[in-house]
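Peer 1: Structure incoming, see below.
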Amino acid sequence: MSTGTQMNGHRRRTWFSGMFAAAALCATSMSWAAQSIDWSKAAKSSDIHLTEQQSEQIKSKDLTAALVWHGASPWVAAVSRGARAEFEKLGIKVVAATDAQFDPAKQVADLENIAALKPDIILSLSVDGVSTKQSYAKAIERGAKLVLLSNPIPGFEQGKDFVGIVTDDMFGMGKAAADLTADALGDKGKIGMIYHDASYFITNNRDNAYRKGLKAYPGLNVVIERGFIKEHETSNVAAAMVLQHPELEAIYVSWDAAAEGVVEALRSLGRRDIKVITHDLGVNNLLDMAMDGNVHGTIADRPFDIGQTMARLGAASTLGLPAPHFTLVPFDTVKRDNIAEIWQRAFQSPLPRLLNLALKQ
């Protein structure tokens, strides 16, 4: 049973603004494969609050936290800034921050080292939930409250092994990408889809939501789909796709860095007419968009908000407050005219100089 069902009504109201008494989305003892998640009951990050009294209680605890990340990027840095800002407000000291370089073995070693520090709170995205599970379990046994970013860990129970999961609104983002494709083509056209052909929670859900979102536009036809595993593969995939179907007018790609190879291929083929739609914010593709290149737009989440929400949930859990199983962070549709605004909202940092110059031209 979720811890949310064990708390008194007053605590529920102050923590979740009275909205999430039913935040346990399903029986957490079920395996992830069998679980049926009711996303309509997921919390929103904007509804996660601490009262002044709760904040003061947390400050009095002299807590520590660790950030155990999967990799390093501007996006991860923004998540960390959001987490650190919230922890600082609550008097929580960050004692370690690690980068697994997308290597499960390194993340296992990182977790072993961090467990020795006995942090009260761990914020983390697991590279591989199966291989890292035991290392997370050791840290939890030593008293750490674990808040996960996006990726579930098979067999872990919410309220017992972890506090909750903060993630993108994957289904909303996929639908928004379909809407953006319709915007690019005027509700009618031929599309190529380059999807992530690996088992990965976020990308699989976003890609499937994109397919579902296109059903609202009968005039948009996916004439070819191709999968990829590694980002560097997308250039060749896109080139082959366009040579096979020169009538393509738009290409959807699972995420920003993977879309860079697609843009490169389209440039080499002289196909500036084919529009690219993707997810996330990266400087190279935003530069292309700013200069009216192939990239028509992207759907971006808010990493600073993600970090802030994770930290808040972790801190609240030290008071025994209930958490929703999933908390969704908002997203934004990004086109040339709002790049600067969305960058600031997502990263809480100045726009890169080159991008700023490109937008002024």
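So you can find residues: chains in the structure tokens are A, B, ... in the order shown, residues in each start at 1, and ligands are numbered from 1 in order.
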Per residue of range 143-256 of chain A within 10 Å of range 61-66 of chain A, record the nearest atom pair and its distance in Å to one decimal, counting only C-alpha atoms, with rows in chain order and ascending residue number, as JSON lines.

Peer 2:
{"residue": "A:Ala144", "atom": "CA", "partner": "A:Ala65", "partner_atom": "CA", "distance": 8.6}
{"residue": "A:Lys145", "atom": "CA", "partner": "A:Ala65", "partner_atom": "CA", "distance": 9.1}
{"residue": "A:Leu146", "atom": "CA", "partner": "A:Ala66", "partner_atom": "CA", "distance": 9.8}

Peer 1: Between CA of Lys230 in chain A and CA of Lys175 in chain A, what is the distance in Å, rounded to a tenth?

Peer 2: 23.9 Å

Peer 1: Would you give me, as JSON lines, each residue of range 128-227 of chain A having an atom within 9 Å of an atom of range 254-274 of chain A, along with its shortest atom pair and that distance in Å to one decimal, using only C-alpha atoms and sorting by chain and residue number?

Peer 2:
{"residue": "A:Met193", "atom": "CA", "partner": "A:Ser254", "partner_atom": "CA", "distance": 8.5}
{"residue": "A:Ile194", "atom": "CA", "partner": "A:Ser254", "partner_atom": "CA", "distance": 6.7}
{"residue": "A:Tyr195", "atom": "CA", "partner": "A:Ser254", "partner_atom": "CA", "distance": 5.3}
{"residue": "A:His196", "atom": "CA", "partner": "A:Ser254", "partner_atom": "CA", "distance": 6.1}
{"residue": "A:Thr203", "atom": "CA", "partner": "A:Ser254", "partner_atom": "CA", "distance": 6.5}
{"residue": "A:Asn204", "atom": "CA", "partner": "A:Ser254", "partner_atom": "CA", "distance": 8.7}
{"residue": "A:Arg206", "atom": "CA", "partner": "A:Ser254", "partner_atom": "CA", "distance": 7.6}
{"residue": "A:Asp207", "atom": "CA", "partner": "A:Ser254", "partner_atom": "CA", "distance": 6.5}

Peer 1: Keeping N, CA and C atoms, export the residues of the selection given above as a CSV table (one decimal), in the first residue's frame.

Peer 2:
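Once written, result_19.csv looks like this:
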chain,number,residue,atom,x,y,z
A,193,MET,N,9.6,8.7,-40.0
A,193,MET,CA,9.7,8.6,-38.5
A,193,MET,C,10.9,7.8,-38.1
A,194,ILE,N,11.8,8.4,-37.4
A,194,ILE,CA,13.0,7.8,-36.9
A,194,ILE,C,12.9,7.6,-35.4
A,195,TYR,N,12.6,6.4,-35.0
A,195,TYR,CA,12.2,6.2,-33.6
A,195,TYR,C,13.3,5.5,-32.8
A,196,HIS,N,13.3,5.5,-31.5
A,196,HIS,CA,14.3,4.9,-30.7
A,196,HIS,C,14.0,3.4,-30.5
A,203,THR,N,11.7,7.5,-24.1
A,203,THR,CA,11.6,7.6,-25.5
A,203,THR,C,10.5,6.7,-26.1
A,204,ASN,N,10.4,5.6,-25.6
A,204,ASN,CA,9.4,4.7,-26.1
A,204,ASN,C,8.0,5.3,-26.0
A,206,ARG,N,7.2,8.5,-25.6
A,206,ARG,CA,7.1,9.7,-26.4
A,206,ARG,C,6.8,9.3,-27.9
A,207,ASP,N,7.6,8.3,-28.4
A,207,ASP,CA,7.4,7.9,-29.8
A,207,ASP,C,6.0,7.3,-30.0

Peer 1: Return as JSON, numbers by chain the full set of residues in range 198-228 of chain A whose backbone-based DSSP assignment is helix (DSSP H, G or I).

Peer 2: {"A": [201, 202, 203, 204, 205, 206, 207, 208, 209, 210, 211, 212, 213, 214]}

Peer 1: Go ahead and compute the interatomic distance for CA of Asp161 in chain A and CA of Asp301 in chain A, in Å to one decimal.

Peer 2: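 One can read the CA of Asp161 in chain A to CA of Asp301 in chain A distance as 26.5 Å.
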
Peer 1: May I ask which of the residues A:Ala290, A:Trp343, A:Ile202, A:Glu233 is the closest one to Leu359 in chain A, counting only C-alpha atoms?

Peer 2: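 Answer, going by the shortest atom-to-atom distance: A:Ala290.
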
Peer 1: Between A:Ala316, A:Ala358, A:Leu287, A:Leu148, which residue has the minimum interatomic distance to Ile165 in chain A, considering only C-alpha atoms?

Peer 2: A:Leu148

Peer 1: Can you tell me, as a VMD selection string, what residues are no more than 8 Å from Leu180 in chain A when counting only C-alpha atoms, ignoring any on the same chain fewer than 2 positions away?

Peer 2: chain A and resid 176 to 178 182 to 184 277 297 to 298 333

Peer 1: If you measure from CA of Gln53 in chain A to CA of Glu86 in chain A, what distance in Å do you get, rounded to one decimal?

Peer 2: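 Interatomic distance, CA of Gln53 in chain A to CA of Glu86 in chain A: 15.8 Å.
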
Peer 1: Taking 2 positions as the minimum chain separation for residues in the same chain, which residues sit within 10 Å of Ile191 in chain A when counting only C-alpha atoms? Answer as number ranges by chain.

Peer 2: A: 181, 185, 188-189, 193-194, 220-225, 245, 247-252, 274-276

Peer 1: Atoms to include: N, CA, C and O atoms. Write the selected residues as a PDB file, in the first residue's frame.

Peer 2:
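Saved the output as part_35.pdb:
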ATOM      1  N   THR A 181       4.141  18.825 -36.074  1.00  0.00           N
ATOM      2  CA  THR A 181       4.283  18.313 -37.436  1.00  0.00           C
ATOM      3  C   THR A 181       3.171  18.851 -38.323  1.00  0.00           C
ATOM      4  O   THR A 181       3.407  19.265 -39.468  1.00  0.00           O
ATOM      5  N   LEU A 185       3.463  21.267 -41.727  1.00  0.00           N
ATOM      6  CA  LEU A 185       3.013  20.819 -43.053  1.00  0.00           C
ATOM      7  C   LEU A 185       1.612  21.279 -43.427  1.00  0.00           C
ATOM      8  O   LEU A 185       1.123  20.947 -44.516  1.00  0.00           O
ATOM      9  N   LYS A 188      -1.279  18.344 -43.796  1.00  0.00           N
ATOM     10  CA  LYS A 188      -1.247  17.372 -44.880  1.00  0.00           C
ATOM     11  C   LYS A 188       0.181  17.193 -45.371  1.00  0.00           C
ATOM     12  O   LYS A 188       0.858  18.172 -45.677  1.00  0.00           O
ATOM     13  N   GLY A 189       0.634  15.936 -45.439  1.00  0.00           N
ATOM     14  CA  GLY A 189       1.981  15.722 -45.937  1.00  0.00           C
ATOM     15  C   GLY A 189       2.490  14.331 -45.634  1.00  0.00           C
ATOM     16  O   GLY A 189       1.838  13.529 -44.962  1.00  0.00           O
ATOM     17  N   MET A 193       9.556   8.676 -39.957  1.00  0.00           N
ATOM     18  CA  MET A 193       9.689   8.600 -38.504  1.00  0.00           C
ATOM     19  C   MET A 193      10.926   7.801 -38.133  1.00  0.00           C
ATOM     20  O   MET A 193      11.070   6.644 -38.519  1.00  0.00           O
ATOM     21  N   ILE A 194      11.828   8.426 -37.394  1.00  0.00           N
ATOM     22  CA  ILE A 194      13.042   7.765 -36.907  1.00  0.00           C
ATOM     23  C   ILE A 194      12.882   7.623 -35.394  1.00  0.00           C
ATOM     24  O   ILE A 194      13.019   8.589 -34.649  1.00  0.00           O
ATOM     25  N   LEU A 220      -1.897  13.582 -42.595  1.00  0.00           N
ATOM     26  CA  LEU A 220      -0.479  13.319 -42.347  1.00  0.00           C
ATOM     27  C   LEU A 220      -0.224  11.819 -42.401  1.00  0.00           C
ATOM     28  O   LEU A 220      -0.810  11.056 -41.632  1.00  0.00           O
ATOM     29  N   ASN A 221       0.637  11.410 -43.301  1.00  0.00           N
ATOM     30  CA  ASN A 221       0.888   9.983 -43.510  1.00  0.00           C
ATOM     31  C   ASN A 221       2.353   9.642 -43.259  1.00  0.00           C
ATOM     32  O   ASN A 221       3.248  10.244 -43.872  1.00  0.00           O
ATOM     33  N   VAL A 222       2.585   8.695 -42.344  1.00  0.00           N
ATOM     34  CA  VAL A 222       3.939   8.181 -42.132  1.00  0.00           C
ATOM     35  C   VAL A 222       4.198   7.144 -43.215  1.00  0.00           C
ATOM     36  O   VAL A 222       3.633   6.050 -43.194  1.00  0.00           O
ATOM     37  N   VAL A 223       5.045   7.484 -44.167  1.00  0.00           N
ATOM     38  CA  VAL A 223       5.289   6.586 -45.300  1.00  0.00           C
ATOM     39  C   VAL A 223       6.461   5.646 -45.050  1.00  0.00           C
ATOM     40  O   VAL A 223       6.621   4.636 -45.741  1.00  0.00           O
ATOM     41  N   ILE A 224       7.298   5.980 -44.047  1.00  0.00           N
ATOM     42  CA  ILE A 224       8.423   5.096 -43.722  1.00  0.00           C
ATOM     43  C   ILE A 224       8.831   5.326 -42.267  1.00  0.00           C
ATOM     44  O   ILE A 224       8.857   6.454 -41.782  1.00  0.00           O
ATOM     45  N   GLU A 225       9.122   4.230 -41.568  1.00  0.00           N
ATOM     46  CA  GLU A 225       9.654   4.262 -40.199  1.00  0.00           C
ATOM     47  C   GLU A 225      10.950   3.481 -40.153  1.00  0.00           C
ATOM     48  O   GLU A 225      11.060   2.420 -40.749  1.00  0.00           O
ATOM     49  N   HIS A 245      12.529   7.569 -50.319  1.00  0.00           N
ATOM     50  CA  HIS A 245      11.271   8.313 -50.399  1.00  0.00           C
ATOM     51  C   HIS A 245      11.560   9.817 -50.547  1.00  0.00           C
ATOM     52  O   HIS A 245      11.420  10.579 -49.597  1.00  0.00           O
ATOM     53  N   GLU A 247       9.877  12.005 -51.694  1.00  0.00           N
ATOM     54  CA  GLU A 247       8.677  12.827 -51.518  1.00  0.00           C
ATOM     55  C   GLU A 247       8.459  13.260 -50.072  1.00  0.00           C
ATOM     56  O   GLU A 247       7.526  14.028 -49.773  1.00  0.00           O
ATOM     57  N   LEU A 248       9.319  12.820 -49.147  1.00  0.00           N
ATOM     58  CA  LEU A 248       9.158  13.187 -47.739  1.00  0.00           C
ATOM     59  C   LEU A 248       9.169  14.699 -47.550  1.00  0.00           C
ATOM     60  O   LEU A 248       9.976  15.414 -48.149  1.00  0.00           O
ATOM     61  N   GLU A 249       8.302  15.156 -46.651  1.00  0.00           N
ATOM     62  CA  GLU A 249       8.222  16.592 -46.347  1.00  0.00           C
ATOM     63  C   GLU A 249       8.617  16.913 -44.913  1.00  0.00           C
ATOM     64  O   GLU A 249       8.876  18.065 -44.575  1.00  0.00           O
ATOM     65  N   ALA A 250       8.638  15.897 -44.058  1.00  0.00           N
ATOM     66  CA  ALA A 250       9.029  16.098 -42.657  1.00  0.00           C
ATOM     67  C   ALA A 250       9.576  14.797 -42.100  1.00  0.00           C
ATOM     68  O   ALA A 250       9.200  13.704 -42.545  1.00  0.00           O
ATOM     69  N   ILE A 251      10.476  14.917 -41.113  1.00  0.00           N
ATOM     70  CA  ILE A 251      11.020  13.759 -40.406  1.00  0.00           C
ATOM     71  C   ILE A 251      10.928  14.023 -38.910  1.00  0.00           C
ATOM     72  O   ILE A 251      11.371  15.065 -38.421  1.00  0.00           O
ATOM     73  N   TYR A 252      10.354  13.067 -38.198  1.00  0.00           N
ATOM     74  CA  TYR A 252      10.327  13.099 -36.737  1.00  0.00           C
ATOM     75  C   TYR A 252      11.483  12.259 -36.220  1.00  0.00           C
ATOM     76  O   TYR A 252      11.738  11.155 -36.714  1.00  0.00           O
ATOM     77  N   ILE A 274      12.848  19.710 -46.281  1.00  0.00           N
ATOM     78  CA  ILE A 274      12.295  18.719 -45.352  1.00  0.00           C
ATOM     79  C   ILE A 274      12.411  19.241 -43.921  1.00  0.00           C
ATOM     80  O   ILE A 274      13.502  19.568 -43.460  1.00  0.00           O
ATOM     81  N   LYS A 275      11.286  19.309 -43.235  1.00  0.00           N
ATOM     82  CA  LYS A 275      11.249  19.834 -41.877  1.00  0.00           C
ATOM     83  C   LYS A 275      11.544  18.731 -40.857  1.00  0.00           C
ATOM     84  O   LYS A 275      11.135  17.581 -41.036  1.00  0.00           O
ATOM     85  N   VAL A 276      12.232  19.108 -39.799  1.00  0.00           N
ATOM     86  CA  VAL A 276      12.586  18.162 -38.733  1.00  0.00           C
ATOM     87  C   VAL A 276      11.867  18.564 -37.442  1.00  0.00           C
ATOM     88  O   VAL A 276      11.870  19.735 -37.060  1.00  0.00           O
TER      89      VAL A 276
END

Peer 1: Pick the closest to Asp110 in chain A from A:Leu149, A:Val68, A:Ile122, A:Met310: which is it, counting only C-alpha atoms?

Peer 2: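 Once distances to Asp110 in chain A are computed over only C-alpha atoms, the minimum belongs to A:Val68.
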
Peer 1: Enumerate as a list in words all residues of range 292-360 of chain A assigned to strand (DSSP E or B) by DSSP on the backbone, naming them with the chain letters and numbers the document uses.

Peer 2: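 Of range 292-360 of chain A, the ones in strand (DSSP E or B) are Val295, His296, Gly297, Thr298, Ile299, Ala300, Asp301, Phe326, Thr327, Leu328, Val329, Phe331, Asp332, Thr333 and Val334 of chain A.
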
Peer 1: Would you save the residues of that selection, restricted to all heavy atoms, as a short mmCIF file (atom, residue, chain, number, x, y, z; two decimals), in the first residue's frame?

Peer 2:
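Saved the output as selection14.cif:
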data_model
loop_
_atom_site.label_atom_id
_atom_site.label_comp_id
_atom_site.auth_asym_id
_atom_site.auth_seq_id
_atom_site.Cartn_x
_atom_site.Cartn_y
_atom_site.Cartn_z
N VAL A 295 15.21 22.44 -39.04
CA VAL A 295 14.49 22.19 -37.79
C VAL A 295 13.31 23.16 -37.67
O VAL A 295 13.49 24.37 -37.54
CB VAL A 295 15.41 22.31 -36.56
CG1 VAL A 295 14.61 22.00 -35.28
CG2 VAL A 295 16.58 21.33 -36.67
N HIS A 296 12.11 22.59 -37.73
CA HIS A 296 10.91 23.42 -37.62
C HIS A 296 10.59 23.75 -36.16
O HIS A 296 10.14 24.86 -35.84
CB HIS A 296 9.72 22.70 -38.24
CG HIS A 296 8.43 23.45 -38.12
ND1 HIS A 296 8.15 24.58 -38.86
CD2 HIS A 296 7.36 23.25 -37.30
CE1 HIS A 296 6.94 25.03 -38.54
NE2 HIS A 296 6.45 24.25 -37.59
N GLY A 297 10.81 22.79 -35.27
CA GLY A 297 10.51 23.02 -33.86
C GLY A 297 10.82 21.80 -33.03
O GLY A 297 11.16 20.72 -33.53
N THR A 298 10.74 21.97 -31.72
CA THR A 298 11.00 20.89 -30.78
C THR A 298 10.07 21.01 -29.59
O THR A 298 9.52 22.08 -29.34
CB THR A 298 12.48 20.90 -30.34
OG1 THR A 298 12.75 19.75 -29.53
CG2 THR A 298 12.82 22.16 -29.55
N ILE A 299 9.90 19.92 -28.88
CA ILE A 299 9.11 19.92 -27.65
C ILE A 299 10.07 19.73 -26.49
O ILE A 299 10.82 18.75 -26.44
CB ILE A 299 8.06 18.78 -27.65
CG1 ILE A 299 7.24 18.81 -28.94
CG2 ILE A 299 7.16 18.91 -26.42
CD1 ILE A 299 6.45 20.08 -29.19
N ALA A 300 10.08 20.68 -25.56
CA ALA A 300 11.09 20.70 -24.50
C ALA A 300 10.46 20.59 -23.12
O ALA A 300 9.45 21.23 -22.84
CB ALA A 300 11.92 21.98 -24.59
N ASP A 301 11.09 19.79 -22.26
CA ASP A 301 10.67 19.75 -20.87
C ASP A 301 11.38 20.85 -20.09
O ASP A 301 12.02 21.72 -20.68
CB ASP A 301 10.92 18.36 -20.26
CG ASP A 301 12.39 17.96 -20.29
OD1 ASP A 301 13.26 18.85 -20.47
OD2 ASP A 301 12.68 16.76 -20.13
N PHE A 326 4.03 9.08 -9.51
CA PHE A 326 4.64 9.84 -10.59
C PHE A 326 4.28 11.32 -10.47
O PHE A 326 3.13 11.65 -10.16
CB PHE A 326 4.17 9.33 -11.96
CG PHE A 326 4.80 8.05 -12.39
CD1 PHE A 326 4.28 6.83 -12.00
CD2 PHE A 326 5.94 8.05 -13.20
CE1 PHE A 326 4.87 5.63 -12.39
CE2 PHE A 326 6.53 6.86 -13.59
CZ PHE A 326 5.99 5.65 -13.19
N THR A 327 5.25 12.18 -10.72
CA THR A 327 5.01 13.61 -10.81
C THR A 327 5.47 14.08 -12.17
O THR A 327 6.63 13.84 -12.56
CB THR A 327 5.76 14.39 -9.71
OG1 THR A 327 5.34 13.90 -8.43
CG2 THR A 327 5.46 15.88 -9.80
N LEU A 328 4.60 14.73 -12.91
CA LEU A 328 4.90 15.17 -14.27
C LEU A 328 5.29 16.64 -14.29
O LEU A 328 4.67 17.48 -13.63
CB LEU A 328 3.69 14.95 -15.18
CG LEU A 328 3.14 13.53 -15.25
CD1 LEU A 328 2.00 13.46 -16.26
CD2 LEU A 328 4.23 12.53 -15.61
N VAL A 329 6.31 16.94 -15.09
CA VAL A 329 6.79 18.31 -15.25
C VAL A 329 6.26 18.86 -16.58
O VAL A 329 6.17 18.12 -17.57
CB VAL A 329 8.33 18.33 -15.23
CG1 VAL A 329 8.88 19.71 -15.54
CG2 VAL A 329 8.82 17.87 -13.86
N PHE A 331 5.83 20.91 -20.22
CA PHE A 331 6.67 20.99 -21.42
C PHE A 331 6.26 22.22 -22.23
O PHE A 331 5.22 22.82 -21.99
CB PHE A 331 6.55 19.73 -22.28
CG PHE A 331 5.15 19.47 -22.78
CD1 PHE A 331 4.68 20.06 -23.95
CD2 PHE A 331 4.29 18.64 -22.07
CE1 PHE A 331 3.40 19.82 -24.41
CE2 PHE A 331 3.00 18.40 -22.52
CZ PHE A 331 2.55 18.98 -23.69
N ASP A 332 7.10 22.58 -23.18
CA ASP A 332 6.85 23.74 -24.04
C ASP A 332 7.09 23.38 -25.49
O ASP A 332 8.00 22.61 -25.81
CB ASP A 332 7.77 24.91 -23.65
CG ASP A 332 7.53 25.38 -22.23
OD1 ASP A 332 6.50 26.02 -21.99
OD2 ASP A 332 8.38 25.09 -21.36
N THR A 333 6.28 23.95 -26.37
CA THR A 333 6.51 23.84 -27.81
C THR A 333 7.43 24.98 -28.22
O THR A 333 7.14 26.15 -27.97
CB THR A 333 5.19 23.92 -28.58
OG1 THR A 333 4.37 22.80 -28.21
CG2 THR A 333 5.43 23.89 -30.09
N VAL A 334 8.55 24.64 -28.85
CA VAL A 334 9.58 25.63 -29.17
C VAL A 334 9.68 25.84 -30.67
O VAL A 334 9.89 24.89 -31.43
CB VAL A 334 10.96 25.19 -28.63
CG1 VAL A 334 11.99 26.31 -28.80
CG2 VAL A 334 10.86 24.76 -27.17
#

Peer 1: Do you know which residues are at most 6 Å from Val147 in chain A counting only C-alpha atoms, after dropping those on the same chain fewer than 3 positions away, and could you put them as a list in words?

Peer 2: Leu123, Phe162, Val163 and Gly164 of chain A

Peer 1: Between A:Lys41, A:Lys190, A:Lys89, A:Arg81, which has the minimum distance to Lys59 in chain A (counting only C-alpha atoms)?

Peer 2: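 Smallest separation from Lys59 in chain A among the options: A:Lys89.
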
Peer 1: Residues at most 10 Å from Val76 in chain A, counting only C-alpha atoms, excluding those fewer than 3 positions away in the same chain, as a PyMOL selection string?

Peer 2: chain A and resi 69-73+79-82+99+303-304+306-307+347
